[in-house]
Structures are given as C-alpha cells and as structure tokens.
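Source file: upload11.txt (compact mmCIF, C-alpha atoms)
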```txt
# COMPACT_ATOMS: atom_id res chain seq x y z
CA MET E 89 -11.28 -210.62 -50.32
CA PRO E 90 -12.84 -207.11 -50.44
CA HIS E 91 -14.46 -206.09 -53.72
CA SER E 92 -11.79 -203.42 -54.35
CA GLN E 93 -9.00 -206.00 -54.08
CA LYS E 94 -10.89 -208.39 -56.36
CA SER E 95 -11.09 -205.60 -58.93
CA GLN E 96 -7.37 -204.94 -58.60
CA SER E 97 -6.61 -208.65 -58.89
CA HIS E 98 -8.56 -208.74 -62.14
CA LYS E 99 -6.53 -205.78 -63.42
CA LEU E 100 -3.36 -207.64 -62.48
CA GLU E 101 -4.48 -210.80 -64.27
CA VAL E 102 -5.25 -208.83 -67.41
CA GLY E 103 -1.82 -207.23 -67.19
CA LEU E 104 -0.09 -210.57 -66.70
CA GLN E 105 -1.88 -212.09 -69.67
CA ALA E 106 -1.00 -209.08 -71.81
CA GLU E 107 2.60 -209.36 -70.66
CA LYS E 108 2.69 -213.01 -71.62
CA GLU E 109 1.29 -212.30 -75.05
CA ALA E 110 3.40 -209.19 -75.71
CA GLN E 111 6.73 -210.51 -74.45
CA GLY E 112 6.37 -214.20 -75.19
CA LEU E 113 6.81 -215.29 -71.60
CA VAL E 114 5.70 -218.82 -72.35
CA CYS E 115 7.40 -220.94 -69.73
CA SER E 116 6.15 -224.31 -70.91
CA GLN E 117 8.91 -226.37 -72.48
CA VAL E 118 8.95 -226.39 -76.27
CA PRO E 119 10.32 -229.56 -77.91
CA VAL E 120 13.65 -228.87 -79.57
CA ALA E 121 12.39 -230.42 -82.80
CA GLU E 122 9.71 -227.72 -82.95
CA GLU E 123 11.90 -224.88 -81.69
CA LYS E 124 13.24 -223.98 -85.12
CA LYS E 125 9.68 -223.28 -86.22
CA THR E 126 8.96 -221.07 -83.23
CA THR E 127 9.44 -217.31 -83.53
CA GLY E 128 7.18 -215.90 -80.81
CA SER E 129 8.81 -216.83 -77.50
CA LEU E 130 11.96 -215.73 -75.75
CA LEU E 131 12.09 -218.94 -73.77
CA SER E 132 11.71 -221.18 -76.78
CA SER E 133 14.58 -219.34 -78.41
CA LEU E 134 16.70 -219.91 -75.32
CA ILE E 135 15.98 -223.64 -75.21
CA GLN E 136 18.48 -224.06 -78.02
CA GLY E 137 20.98 -221.40 -77.04
CA THR E 138 21.15 -220.92 -73.29
CA PRO E 139 22.23 -224.35 -72.06
CA GLU E 140 25.25 -224.12 -74.33
CA VAL E 141 25.95 -220.64 -73.01
CA VAL E 142 25.75 -221.70 -69.39
CA SER E 143 27.78 -224.87 -69.79
CA THR E 144 30.54 -222.99 -71.58
CA ALA E 145 30.45 -219.92 -69.36
CA GLY E 146 33.41 -217.69 -69.87
CA ALA E 147 33.60 -218.16 -73.62
CA GLN E 148 33.91 -214.89 -75.49
CA SER E 149 31.68 -215.85 -78.39
CA VAL E 150 27.92 -215.73 -78.16
CA PRO E 151 26.03 -218.75 -79.52
CA GLN E 152 23.63 -217.69 -82.22
CA SER E 153 19.97 -218.62 -81.89
CA SER E 154 18.36 -219.34 -85.20
CA GLN E 155 15.10 -217.87 -83.99
CA GLY E 156 15.10 -214.97 -81.55
CA ALA E 157 12.07 -213.77 -79.68
CA CYS E 158 11.56 -211.65 -76.64
CA SER E 159 8.36 -210.24 -78.00
CA SER E 160 5.64 -212.13 -79.76
CA SER E 161 4.56 -209.04 -81.61
CA THR E 162 6.26 -206.40 -83.71
CA THR E 163 5.69 -203.62 -81.21
CA THR E 164 7.97 -200.62 -81.41
CA GLU E 165 7.89 -199.85 -77.72
CA ALA E 166 9.98 -201.26 -74.90
CA ILE E 167 9.25 -201.09 -71.19
CA PRO E 168 12.07 -198.86 -69.92
CA LEU E 169 14.89 -199.98 -67.68
CA SER E 170 14.76 -198.10 -64.41
CA LYS E 171 17.51 -195.59 -63.79
CA SER E 172 20.40 -197.42 -62.18
CA ASN E 173 21.63 -194.57 -60.00
CA GLU E 174 20.19 -194.94 -56.52
CA GLY E 175 18.04 -192.10 -55.32
CA SER E 176 16.71 -191.27 -58.75
CA SER E 177 13.02 -191.92 -59.24
CA GLN E 178 12.87 -190.54 -62.76
CA GLU E 179 12.23 -193.06 -65.49
CA GLU E 180 12.08 -192.85 -69.23
CA SER E 181 8.57 -192.84 -70.61
CA PRO E 182 7.48 -196.10 -72.26
CA SER E 183 7.57 -194.43 -75.65
CA SER E 184 11.09 -192.99 -75.27
CA PHE E 185 12.74 -195.82 -77.19
CA GLN E 186 11.22 -196.27 -80.62
CA ALA E 187 12.45 -198.91 -83.02
CA PRO E 188 12.57 -197.70 -86.63
CA THR E 189 10.07 -199.43 -88.88
CA PHE E 190 12.79 -201.38 -90.69
CA LEU E 191 14.09 -202.94 -87.45
CA LEU E 192 11.05 -204.91 -86.40
CA GLY E 193 9.98 -208.53 -86.14
CA ASP E 194 12.63 -211.17 -86.61
CA VAL E 195 15.62 -208.82 -86.78
CA LEU E 196 14.78 -207.01 -83.55
CA ASN E 197 13.77 -210.20 -81.74
CA LYS E 198 16.91 -212.02 -82.84
CA LYS E 199 19.15 -209.26 -81.49
CA VAL E 200 17.25 -209.12 -78.21
CA ALA E 201 17.48 -212.90 -77.75
CA GLU E 202 21.22 -212.86 -78.53
CA LEU E 203 21.77 -210.10 -75.99
CA VAL E 204 19.80 -212.01 -73.35
CA GLN E 205 22.11 -214.98 -73.96
CA LEU E 206 25.20 -212.80 -73.57
CA MET E 207 23.81 -211.22 -70.40
CA SER E 208 23.08 -214.70 -69.03
CA VAL E 209 26.74 -215.64 -69.52
CA LYS E 210 27.85 -212.51 -67.73
CA TYR E 211 25.55 -213.27 -64.81
CA VAL E 212 26.88 -216.83 -64.49
CA THR E 213 30.52 -215.72 -64.67
CA LYS E 214 29.88 -212.65 -62.47
CA GLU E 215 31.46 -210.36 -65.04
CA PRO E 216 30.25 -206.88 -65.98
CA ILE E 217 28.94 -206.23 -69.46
CA THR E 218 29.79 -203.11 -71.44
CA LYS E 219 28.12 -201.28 -74.26
CA ALA E 220 31.24 -201.90 -76.37
CA GLU E 221 30.88 -205.68 -75.88
CA ILE E 222 27.22 -205.55 -76.79
CA LEU E 223 27.91 -203.59 -79.94
CA GLU E 224 30.75 -205.90 -80.99
CA ASN E 225 29.12 -209.24 -80.20
CA VAL E 226 25.42 -208.63 -80.75
CA ILE E 227 24.20 -205.38 -82.24
CA LYS E 228 26.99 -204.84 -84.77
CA GLU E 229 25.66 -202.88 -87.76
CA HIS E 230 22.54 -201.88 -85.82
CA GLU E 231 24.43 -199.55 -83.45
CA ASP E 232 21.87 -196.78 -83.80
CA HIS E 233 19.29 -199.06 -82.23
CA PHE E 234 21.23 -199.92 -79.07
CA PRO E 235 18.70 -198.20 -76.71
CA VAL E 236 15.67 -200.24 -77.75
CA ILE E 237 17.53 -203.57 -78.00
CA PHE E 238 19.23 -203.09 -74.64
CA SER E 239 16.01 -201.96 -72.98
CA LYS E 240 14.03 -204.96 -74.23
CA ALA E 241 16.79 -207.39 -73.24
CA CYS E 242 16.93 -205.90 -69.74
CA GLU E 243 13.17 -206.20 -69.52
CA CYS E 244 13.34 -209.89 -70.42
CA MET E 245 16.14 -210.57 -67.93
CA GLU E 246 14.19 -208.92 -65.15
CA ILE E 247 10.79 -210.46 -65.87
CA VAL E 248 11.88 -213.99 -66.75
CA PHE E 249 14.95 -214.44 -64.53
CA GLY E 250 14.60 -211.76 -61.83
CA ILE E 251 17.98 -210.31 -62.86
CA GLU E 252 18.57 -206.59 -63.39
CA ALA E 253 21.35 -204.65 -65.09
CA LYS E 254 22.82 -201.93 -62.90
CA GLU E 255 25.18 -199.32 -64.32
CA VAL E 256 28.49 -199.20 -62.45
CA ASP E 257 30.57 -197.00 -64.77
CA PRO E 258 28.77 -194.29 -66.76
CA THR E 259 31.91 -193.44 -68.70
CA SER E 260 32.35 -196.88 -70.23
CA GLN E 261 28.64 -197.71 -69.89
CA SER E 262 29.45 -200.83 -67.91
CA TYR E 263 26.73 -202.85 -66.15
CA VAL E 264 26.64 -205.65 -63.59
CA LEU E 265 23.94 -208.30 -63.62
CA GLN E 266 22.44 -208.87 -60.21
CA LYS E 267 19.36 -210.27 -58.51
CA THR E 268 16.60 -207.71 -58.20
CA LEU E 269 14.42 -206.45 -55.33
CA GLY E 270 17.07 -207.19 -52.70
CA LEU E 271 16.66 -210.97 -53.02
CA THR E 272 19.77 -213.12 -52.52
CA TYR E 273 18.51 -216.45 -53.90
CA ASP E 274 18.64 -217.46 -57.55
CA GLY E 275 18.10 -221.23 -57.30
CA MET E 276 21.03 -222.06 -59.59
CA LEU E 277 22.59 -225.47 -59.13
CA ASN E 278 26.28 -225.96 -58.46
CA ASP E 279 26.45 -229.38 -60.10
CA GLY E 280 25.22 -228.56 -63.59
CA PRO E 281 23.85 -225.97 -65.99
CA SER E 282 20.84 -224.05 -64.71
CA MET E 283 19.22 -220.64 -64.95
CA PRO E 284 18.17 -218.11 -62.28
CA LYS E 285 14.79 -218.78 -60.72
CA THR E 286 14.39 -215.45 -58.95
CA GLY E 287 11.75 -214.32 -61.41
CA LEU E 288 9.33 -217.07 -60.39
CA LEU E 289 9.89 -216.31 -56.70
CA ILE E 290 8.96 -212.67 -57.35
CA TYR E 291 5.73 -213.67 -59.05
CA ILE E 292 4.76 -215.96 -56.17
CA LEU E 293 5.52 -213.33 -53.52
CA GLY E 294 3.44 -210.88 -55.51
CA VAL E 295 0.45 -213.20 -55.71
CA ILE E 296 0.60 -213.89 -51.96
CA PHE E 297 0.74 -210.18 -51.14
CA MET E 298 -2.08 -209.31 -53.50
CA GLU E 299 -4.28 -212.12 -52.18
CA GLY E 300 -4.22 -210.67 -48.68
CA ASN E 301 -0.83 -212.04 -47.55
CA ARG E 302 -1.89 -215.65 -47.95
CA ALA E 303 -2.73 -217.46 -51.16
CA THR E 304 -4.17 -220.92 -51.65
CA GLU E 305 -2.14 -223.37 -53.66
CA GLU E 306 -4.96 -223.43 -56.21
CA ARG E 307 -4.72 -219.66 -56.65
CA ILE E 308 -0.93 -219.74 -57.03
CA TRP E 309 -1.13 -222.28 -59.85
CA LYS E 310 -3.95 -220.42 -61.57
CA VAL E 311 -1.79 -217.30 -61.85
CA LEU E 312 1.39 -219.19 -62.75
CA ASN E 313 -0.49 -221.06 -65.48
CA MET E 314 -1.14 -217.68 -67.07
CA ILE E 315 2.60 -217.25 -67.64
CA GLY E 316 3.05 -220.84 -68.79
CA VAL E 317 4.28 -222.47 -65.56
CA CYS E 318 2.33 -225.64 -64.81
CA ALA E 319 2.51 -228.10 -61.92
CA GLY E 320 3.96 -231.44 -62.95
CA GLN E 321 5.29 -230.09 -66.24
CA LYS E 322 9.06 -229.79 -66.29
CA ASP E 323 10.12 -226.29 -67.19
CA PHE E 324 13.29 -225.27 -69.02
CA ILE E 325 14.13 -222.58 -66.45
CA TYR E 326 12.39 -223.67 -63.27
CA GLY E 327 12.83 -227.44 -63.43
CA GLU E 328 9.91 -229.20 -61.75
CA PRO E 329 7.85 -226.20 -60.57
CA ARG E 330 5.94 -228.01 -57.82
CA LYS E 331 9.17 -229.18 -56.16
CA LEU E 332 10.69 -225.72 -56.49
CA ILE E 333 7.68 -224.03 -54.91
CA THR E 334 6.59 -226.48 -52.21
CA LYS E 335 10.03 -227.76 -51.20
CA ASP E 336 13.02 -225.67 -52.34
CA LEU E 337 11.60 -222.21 -51.66
CA VAL E 338 10.12 -223.43 -48.38
CA GLU E 339 13.47 -224.84 -47.27
CA GLU E 340 15.11 -221.56 -48.27
CA ARG E 341 12.57 -219.85 -45.96
CA TYR E 342 11.17 -217.62 -48.69
CA LEU E 343 7.77 -219.31 -48.47
CA GLU E 344 5.67 -220.94 -45.80
CA TYR E 345 3.48 -223.81 -46.97
CA GLN E 346 0.76 -224.95 -44.63
CA GLN E 347 -2.69 -226.49 -44.48
CA VAL E 348 -5.57 -224.03 -44.47
CA PRO E 349 -7.04 -224.18 -40.95
CA ASN E 350 -10.18 -226.31 -40.67
CA SER E 351 -10.18 -227.17 -44.37
CA ASP E 352 -11.96 -230.43 -45.21
CA PRO E 353 -10.89 -231.92 -47.51
CA PRO E 354 -7.50 -230.43 -46.65
CA CYS E 355 -6.13 -227.73 -48.90
CA TYR E 356 -2.93 -225.75 -48.61
CA GLU E 357 -1.80 -222.15 -48.74
CA PHE E 358 1.37 -220.10 -49.09
CA LEU E 359 2.61 -217.17 -47.02
CA TRP E 360 5.77 -215.09 -47.16
CA GLY E 361 8.58 -216.73 -45.24
CA PRO E 362 10.94 -214.89 -42.87
CA ARG E 363 13.67 -214.58 -45.49
CA ALA E 364 11.31 -212.85 -47.90
CA HIS E 365 10.29 -210.36 -45.21
CA ALA E 366 13.95 -209.73 -44.36
CA GLU E 367 15.26 -209.26 -47.90
CA THR E 368 12.51 -207.47 -49.79
CA SER E 369 9.29 -205.57 -49.14
CA LYS E 370 5.72 -205.30 -50.31
CA MET E 371 6.48 -201.94 -51.89
CA LYS E 372 9.33 -203.38 -53.97
CA ILE E 373 7.10 -206.22 -55.13
CA LEU E 374 4.26 -203.84 -55.97
CA LYS E 375 6.58 -201.57 -57.94
CA PHE E 376 7.86 -204.56 -59.89
CA PHE E 377 4.36 -205.66 -60.90
CA SER E 378 3.35 -202.08 -61.66
CA LYS E 379 6.36 -201.68 -63.94
CA VAL E 380 5.52 -204.92 -65.76
CA ASN E 381 1.99 -203.65 -66.32
CA GLY E 382 3.12 -200.13 -67.26
CA VAL E 383 1.17 -198.39 -64.50
CA ASP E 384 1.85 -196.38 -61.36
CA PRO E 385 1.84 -198.35 -58.07
CA ALA E 386 -0.75 -195.95 -56.68
CA SER E 387 -3.21 -197.22 -59.31
CA PHE E 388 -3.63 -200.22 -56.98
CA PRO E 389 -4.75 -198.15 -53.94
CA SER E 390 -5.39 -200.81 -51.29
CA TRP E 391 -2.13 -202.64 -52.05
CA TYR E 392 -0.25 -199.35 -52.21
CA GLU E 393 -1.58 -198.24 -48.82
CA GLU E 394 -0.67 -201.60 -47.29
CA ALA E 395 2.83 -201.39 -48.80
CA LEU E 396 3.25 -197.91 -47.32
CA ARG E 397 2.24 -199.21 -43.89
CA ASP E 398 4.72 -202.05 -44.28
CA GLU E 399 7.48 -199.54 -45.12
CA LYS E 400 6.68 -197.48 -42.01
CA GLU E 401 6.64 -200.54 -39.77
CA LYS E 402 10.01 -201.71 -41.09
CA ALA E 403 11.45 -198.23 -40.60
CA GLN E 404 10.25 -198.24 -37.00
CA VAL E 405 11.82 -201.66 -36.40
CA ARG E 406 15.12 -200.46 -37.87
CA ALA E 407 15.03 -197.32 -35.74
CA ALA E 408 14.33 -199.34 -32.60
CA ALA E 409 17.16 -201.72 -33.43
CA GLY E 410 19.49 -198.77 -33.96
CA ASP E 411 18.53 -197.27 -30.61
CA ALA E 412 19.16 -200.61 -28.90
CA THR E 413 22.58 -200.91 -30.52
CA SER E 414 23.50 -197.38 -29.46
CA ALA E 415 22.38 -198.08 -25.90
CA MET E 416 24.48 -201.25 -25.77
CA ALA E 417 27.52 -199.40 -27.13
CA SER E 418 27.28 -196.73 -24.45
CA ILE E 419 27.31 -199.25 -21.61
```
Give the structure from the file, written as structure tokens.
Amino acid sequence: MPHSQKSQSHKLEVGLQAEKEAQGLVCSQVPVAEEKKTTGSLLSSLIQGTPEVVSTAGAQSVPQSSQGACSSSTTTEAIPLSKSNEGSSQEESPSSFQAPTFLLGDVLNKKVAELVQLMSVKYVTKEPITKAEILENVIKEHEDHFPVIFSKACECMEIVFGIEAKEVDPTSQSYVLQKTLGLTYDGMLNDGPSMPKTGLLIYILGVIFMEGNRATEERIWKVLNMIGVCAGQKDFIYGEPRKLITKDLVEERYLEYQQVPNSDPPCYEFLWGPRAHAETSKMKILKFFSKVNGVDPASFPSWYEEALRDEKEKAQVRAAAGDATSAMASI
C-alpha cells in the first residue's frame, strides 16, 4: 500500500478507536448479570432491552433500560444527522446541538438508549416514528432537549445498525427507518428475534475499499476488533461474526472470499461482491466513514479521488445502458 494510503489508514484507525470510546460501540457481549453495573455502552444497555422490544414488536410501550448509554462520556456534542431532503448537501455543524449542563451523563444516555429501542421497534414493524411519539414515550419532561437526544439516537442507529432516519413529513416531523447507503440487506432472521446487521457490512466494505479494494482476513479482523467484534465470540447483534462474514455475506454476494494467490501457507482475502457494487458506491462508503470521524471526505485525498473515478465510471455505464435501451425501443 502506498505511504499516503497507509497514513490515511492510520487516521481512520484513530477515528474508529475514538468513535468506539466516545460512543460506546463495544460489540462484545456483556453478561446480563454484569449489565446492570454497566453505564458506558449502548450495546450493553440494549442487551437487556432490545430482545424484548423485538420479540414484542408492535407494542406501544417502550421497555425501560435501567442503564442507558450511547456515549461513554459526558460530551455535549452530537454528530449531526444529515439533512433528509434529497439534493441538499448542507449539514448542521457538529456543535449545533448542545446539551445543557444539567442534562448530561446518565440522564442523557438513558433517554438516547430508550429512543434507540423505540426506533428499533419501528424499524422491525416498518412503521414511521413521529416527534410526538418520541416526546410522549421517551423524552417527556425534557422536550427542550429533543434535538440533541434525537441526533445522538440517529447517530447510534446509523453506526451500530446501518439504519438511518429519513424525514417523510416535515409538518408532523415524521420519519421512516431504513437501511442506509442504498443497501438492501439487513441480515435479520425470519424465525426469531434479531437485529439489523447492515452496520457491520458497511464497516467491512469500507475496510476493503481503503485497503486497495482487497483486504486480508487478518486485516479485517484487526479493524473489527477495534469496535469490539471478535472472531469466534458470539455477538449480541451480529451473532457469530465469522459465519456472518465468511458465509452469509458471501452467499448474499456482498463479499467475495478467496485465497490470496500464491500464498503459502494459504491465507484469505475479501473483495466487494457484485451486489455491493450494484447497490452502493465507494463515495457513499467514504462519506459514511468521514461523517463518523467528523471530517470532510476530501481529507482522505487518494480514497476521494478513487471514489470520484468510480462515480464517473458508474455514470458512464448508466448512460451507455440508457442509450442501448433507447436504441432497442426505437427498433
């Protein structure tokens, strides 16, 4: 890998580690007996609450988590939710939503975790969520702090689950929960409670792209370990990660898993599969990672230039396909 890409990869790793520490994205399973003592992790807070939410999808009440945590710190800033209206590139600055000093720590985290649980129900039942519902069921007396709580919950949904909230009715402030970056797969089982796995797929596609469009299995696990996902260790959200990555996502054609040519002893690598190329793009993946790290995509110049080339190539393919369709229609 060129030196410039190695430097960018280091910047990404630092950002991922900071994201893990700041947002509590610890994906290793926390024993339920210890969960009540845990206050720093969104996922540990969901271990108690979310399975009940999913298995009773459709219920109007929101199970209360005794310990809420989307952030492991008492930061007053929230990474902003992108504007939902298509065509708008303007985003709120990271400091736009400030939590008052008396709404920090456990209170803020508890409300964010409760809202994530409610949003998870809405995703499972394919129902929109409204500001009025959020105020009534979650925020209650903290109505003045809706922007920061909603923003942080949306951030958690997008980073952990790969699910974004898109505004569909500005008047009622109604949102639908949908898979992000154009992806159509969420890995949820039909025969039992489960959670979306799109977030992990996004991370893997990002690592492959940033490693030069092919990443060794060793490299994939090194990065995933940084966000708490470990091979052979059953995960609350992702199940058995190795099976998900080397079997399920390969069968779904999002990943290609193959032996590195001429490797002895044999080692394996991942590439984007045809479905990943068809549904998303390098630019979308780069923008996602840049947003997580709070930087502009252009701050990763070599990846940004490659993503731009990819966009142009896809545009040319679409134009050629359109010309072919028009020619066929005129015959």
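Minimum atom-to-atom distance to Ile251 in chain E, evaluated using all atoms listed in the file, belongs to E:Asp274 out of E:Glu231, E:Glu394, E:Asp274, E:Asp194.
Nearest-residue note for Ile237 in chain E: choosing from E:Leu206, E:Ile217, E:Val200, E:Ala412, the minimum distance belongs to E:Val200, counting all atoms listed in the file.
Between CA of Ala415 in chain E and CA of Ala366 in chain E there is a distance of 23.4 Å.
Between CA of Ala403 in chain E and CA of Lys254 in chain E the interatomic distance comes to 25.3 Å.
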### Query
Between CA of Gln261 in chain E and CA of Lys372 in chain E, what is the distance, to one decimal in Å?
25.7 Å
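The shortest atom-to-atom distance to Pro329 in chain E, with all atoms listed in the file taken into account, belongs to E:Trp309 out of E:Tyr356, E:Phe234, E:Phe297, E:Trp309.
Within 12 Å of the point (31.4, -204.4, -77.3) in file coordinates, and counting all atoms listed in the file, lie the residues Gln148, Ser149, Val150, Leu203, Leu206, Pro216, Ile217, Thr218, Lys219, Ala220, Glu221, Ile222, Leu223, Glu224, Asn225, Val226, Ile227, Lys228, Glu231, Phe234, Ser260, Gln261 and Ser262 of chain E.
Counting all atoms listed in the file, the residue from E:Val348, E:Ala241, E:Leu265, E:Ile308 that sits nearest to Pro284 in chain E is E:Leu265.
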Just need range 371-382 of chain E in a file, please: all heavy atoms, as a PDB file, in the first residue's frame.
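To be explicit, this is the file written out as selection09.pdb:
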```
ATOM      1  N   MET E 371     -17.961   6.186  -2.969  1.00  0.00           N
ATOM      2  CA  MET E 371     -18.181   7.533  -2.445  1.00  0.00           C
ATOM      3  C   MET E 371     -19.140   7.509  -1.255  1.00  0.00           C
ATOM      4  O   MET E 371     -18.922   8.206  -0.255  1.00  0.00           O
ATOM      5  CB  MET E 371     -18.724   8.453  -3.542  1.00  0.00           C
ATOM      6  CG  MET E 371     -18.887   9.911  -3.094  1.00  0.00           C
ATOM      7  SD  MET E 371     -17.319  10.670  -2.577  1.00  0.00           S
ATOM      8  CE  MET E 371     -16.559  10.974  -4.193  1.00  0.00           C
ATOM      9  N   LYS E 372     -20.195   6.721  -1.344  1.00  0.00           N
ATOM     10  CA  LYS E 372     -21.133   6.625  -0.221  1.00  0.00           C
ATOM     11  C   LYS E 372     -20.446   6.049   1.015  1.00  0.00           C
ATOM     12  O   LYS E 372     -20.666   6.517   2.136  1.00  0.00           O
ATOM     13  CB  LYS E 372     -22.340   5.756  -0.607  1.00  0.00           C
ATOM     14  CG  LYS E 372     -23.284   6.409  -1.602  1.00  0.00           C
ATOM     15  CD  LYS E 372     -24.443   5.483  -1.938  1.00  0.00           C
ATOM     16  CE  LYS E 372     -25.404   6.120  -2.934  1.00  0.00           C
ATOM     17  NZ  LYS E 372     -26.515   5.197  -3.290  1.00  0.00           N
ATOM     18  N   ILE E 373     -19.620   5.041   0.798  1.00  0.00           N
ATOM     19  CA  ILE E 373     -18.895   4.433   1.917  1.00  0.00           C
ATOM     20  C   ILE E 373     -17.920   5.440   2.525  1.00  0.00           C
ATOM     21  O   ILE E 373     -17.823   5.573   3.756  1.00  0.00           O
ATOM     22  CB  ILE E 373     -18.145   3.173   1.451  1.00  0.00           C
ATOM     23  CG1 ILE E 373     -19.136   2.075   1.036  1.00  0.00           C
ATOM     24  CG2 ILE E 373     -17.200   2.673   2.532  1.00  0.00           C
ATOM     25  CD1 ILE E 373     -19.933   1.477   2.166  1.00  0.00           C
ATOM     26  N   LEU E 374     -17.204   6.160   1.672  1.00  0.00           N
ATOM     27  CA  LEU E 374     -16.237   7.142   2.166  1.00  0.00           C
ATOM     28  C   LEU E 374     -16.935   8.249   2.938  1.00  0.00           C
ATOM     29  O   LEU E 374     -16.448   8.692   3.991  1.00  0.00           O
ATOM     30  CB  LEU E 374     -15.443   7.732   0.998  1.00  0.00           C
ATOM     31  CG  LEU E 374     -14.380   8.773   1.370  1.00  0.00           C
ATOM     32  CD1 LEU E 374     -13.365   8.196   2.349  1.00  0.00           C
ATOM     33  CD2 LEU E 374     -13.687   9.290   0.116  1.00  0.00           C
ATOM     34  N   LYS E 375     -18.070   8.709   2.450  1.00  0.00           N
ATOM     35  CA  LYS E 375     -18.810   9.756   3.156  1.00  0.00           C
ATOM     36  C   LYS E 375     -19.302   9.264   4.514  1.00  0.00           C
ATOM     37  O   LYS E 375     -19.325  10.022   5.482  1.00  0.00           O
ATOM     38  CB  LYS E 375     -19.988  10.241   2.298  1.00  0.00           C
ATOM     39  CG  LYS E 375     -19.563  11.104   1.111  1.00  0.00           C
ATOM     40  CD  LYS E 375     -20.762  11.593   0.323  1.00  0.00           C
ATOM     41  CE  LYS E 375     -20.324  12.528  -0.805  1.00  0.00           C
ATOM     42  NZ  LYS E 375     -21.494  13.010  -1.602  1.00  0.00           N
ATOM     43  N   PHE E 376     -19.694   8.008   4.578  1.00  0.00           N
ATOM     44  CA  PHE E 376     -20.130   7.436   5.851  1.00  0.00           C
ATOM     45  C   PHE E 376     -18.990   7.468   6.866  1.00  0.00           C
ATOM     46  O   PHE E 376     -19.151   7.931   7.990  1.00  0.00           O
ATOM     47  CB  PHE E 376     -20.619   6.002   5.640  1.00  0.00           C
ATOM     48  CG  PHE E 376     -21.010   5.292   6.908  1.00  0.00           C
ATOM     49  CD1 PHE E 376     -22.301   5.363   7.389  1.00  0.00           C
ATOM     50  CD2 PHE E 376     -20.078   4.542   7.624  1.00  0.00           C
ATOM     51  CE1 PHE E 376     -22.671   4.709   8.565  1.00  0.00           C
ATOM     52  CE2 PHE E 376     -20.438   3.890   8.796  1.00  0.00           C
ATOM     53  CZ  PHE E 376     -21.731   3.979   9.261  1.00  0.00           C
ATOM     54  N   PHE E 377     -17.828   6.962   6.470  1.00  0.00           N
ATOM     55  CA  PHE E 377     -16.688   6.933   7.392  1.00  0.00           C
ATOM     56  C   PHE E 377     -16.244   8.346   7.753  1.00  0.00           C
ATOM     57  O   PHE E 377     -15.844   8.599   8.893  1.00  0.00           O
ATOM     58  CB  PHE E 377     -15.528   6.156   6.767  1.00  0.00           C
ATOM     59  CG  PHE E 377     -15.603   4.679   6.998  1.00  0.00           C
ATOM     60  CD1 PHE E 377     -16.396   3.870   6.206  1.00  0.00           C
ATOM     61  CD2 PHE E 377     -14.883   4.084   8.018  1.00  0.00           C
ATOM     62  CE1 PHE E 377     -16.472   2.505   6.420  1.00  0.00           C
ATOM     63  CE2 PHE E 377     -14.955   2.716   8.251  1.00  0.00           C
ATOM     64  CZ  PHE E 377     -15.751   1.931   7.453  1.00  0.00           C
ATOM     65  N   SER E 378     -16.290   9.254   6.792  1.00  0.00           N
ATOM     66  CA  SER E 378     -15.895  10.635   7.065  1.00  0.00           C
ATOM     67  C   SER E 378     -16.836  11.269   8.077  1.00  0.00           C
ATOM     68  O   SER E 378     -16.403  11.991   8.978  1.00  0.00           O
ATOM     69  CB  SER E 378     -15.892  11.446   5.765  1.00  0.00           C
ATOM     70  OG  SER E 378     -14.978  10.905   4.828  1.00  0.00           O
ATOM     71  N   LYS E 379     -18.117  10.986   7.947  1.00  0.00           N
ATOM     72  CA  LYS E 379     -19.102  11.521   8.891  1.00  0.00           C
ATOM     73  C   LYS E 379     -18.856  10.979  10.289  1.00  0.00           C
ATOM     74  O   LYS E 379     -18.904  11.715  11.281  1.00  0.00           O
ATOM     75  CB  LYS E 379     -20.509  11.162   8.413  1.00  0.00           C
ATOM     76  CG  LYS E 379     -21.630  11.644   9.333  1.00  0.00           C
ATOM     77  CD  LYS E 379     -22.976  11.237   8.757  1.00  0.00           C
ATOM     78  CE  LYS E 379     -24.119  11.575   9.691  1.00  0.00           C
ATOM     79  NZ  LYS E 379     -25.427  11.135   9.164  1.00  0.00           N
ATOM     80  N   VAL E 380     -18.570   9.673  10.390  1.00  0.00           N
ATOM     81  CA  VAL E 380     -18.285   9.068  11.685  1.00  0.00           C
ATOM     82  C   VAL E 380     -17.091   9.741  12.344  1.00  0.00           C
ATOM     83  O   VAL E 380     -17.064   9.964  13.554  1.00  0.00           O
ATOM     84  CB  VAL E 380     -18.029   7.554  11.516  1.00  0.00           C
ATOM     85  CG1 VAL E 380     -17.433   6.958  12.785  1.00  0.00           C
ATOM     86  CG2 VAL E 380     -19.326   6.832  11.160  1.00  0.00           C
ATOM     87  N   ASN E 381     -16.087  10.081  11.530  1.00  0.00           N
ATOM     88  CA  ASN E 381     -14.872  10.684  12.062  1.00  0.00           C
ATOM     89  C   ASN E 381     -14.941  12.199  12.137  1.00  0.00           C
ATOM     90  O   ASN E 381     -13.987  12.831  12.591  1.00  0.00           O
ATOM     91  CB  ASN E 381     -13.677  10.259  11.214  1.00  0.00           C
ATOM     92  CG  ASN E 381     -13.272   8.817  11.448  1.00  0.00           C
ATOM     93  OD1 ASN E 381     -12.544   8.516  12.381  1.00  0.00           O
ATOM     94  ND2 ASN E 381     -13.767   7.905  10.624  1.00  0.00           N
ATOM     95  N   GLY E 382     -16.057  12.797  11.676  1.00  0.00           N
ATOM     96  CA  GLY E 382     -16.230  14.232  11.767  1.00  0.00           C
ATOM     97  C   GLY E 382     -15.310  15.024  10.858  1.00  0.00           C
ATOM     98  O   GLY E 382     -14.863  16.119  11.224  1.00  0.00           O
TER      99      GLY E 382
END
```
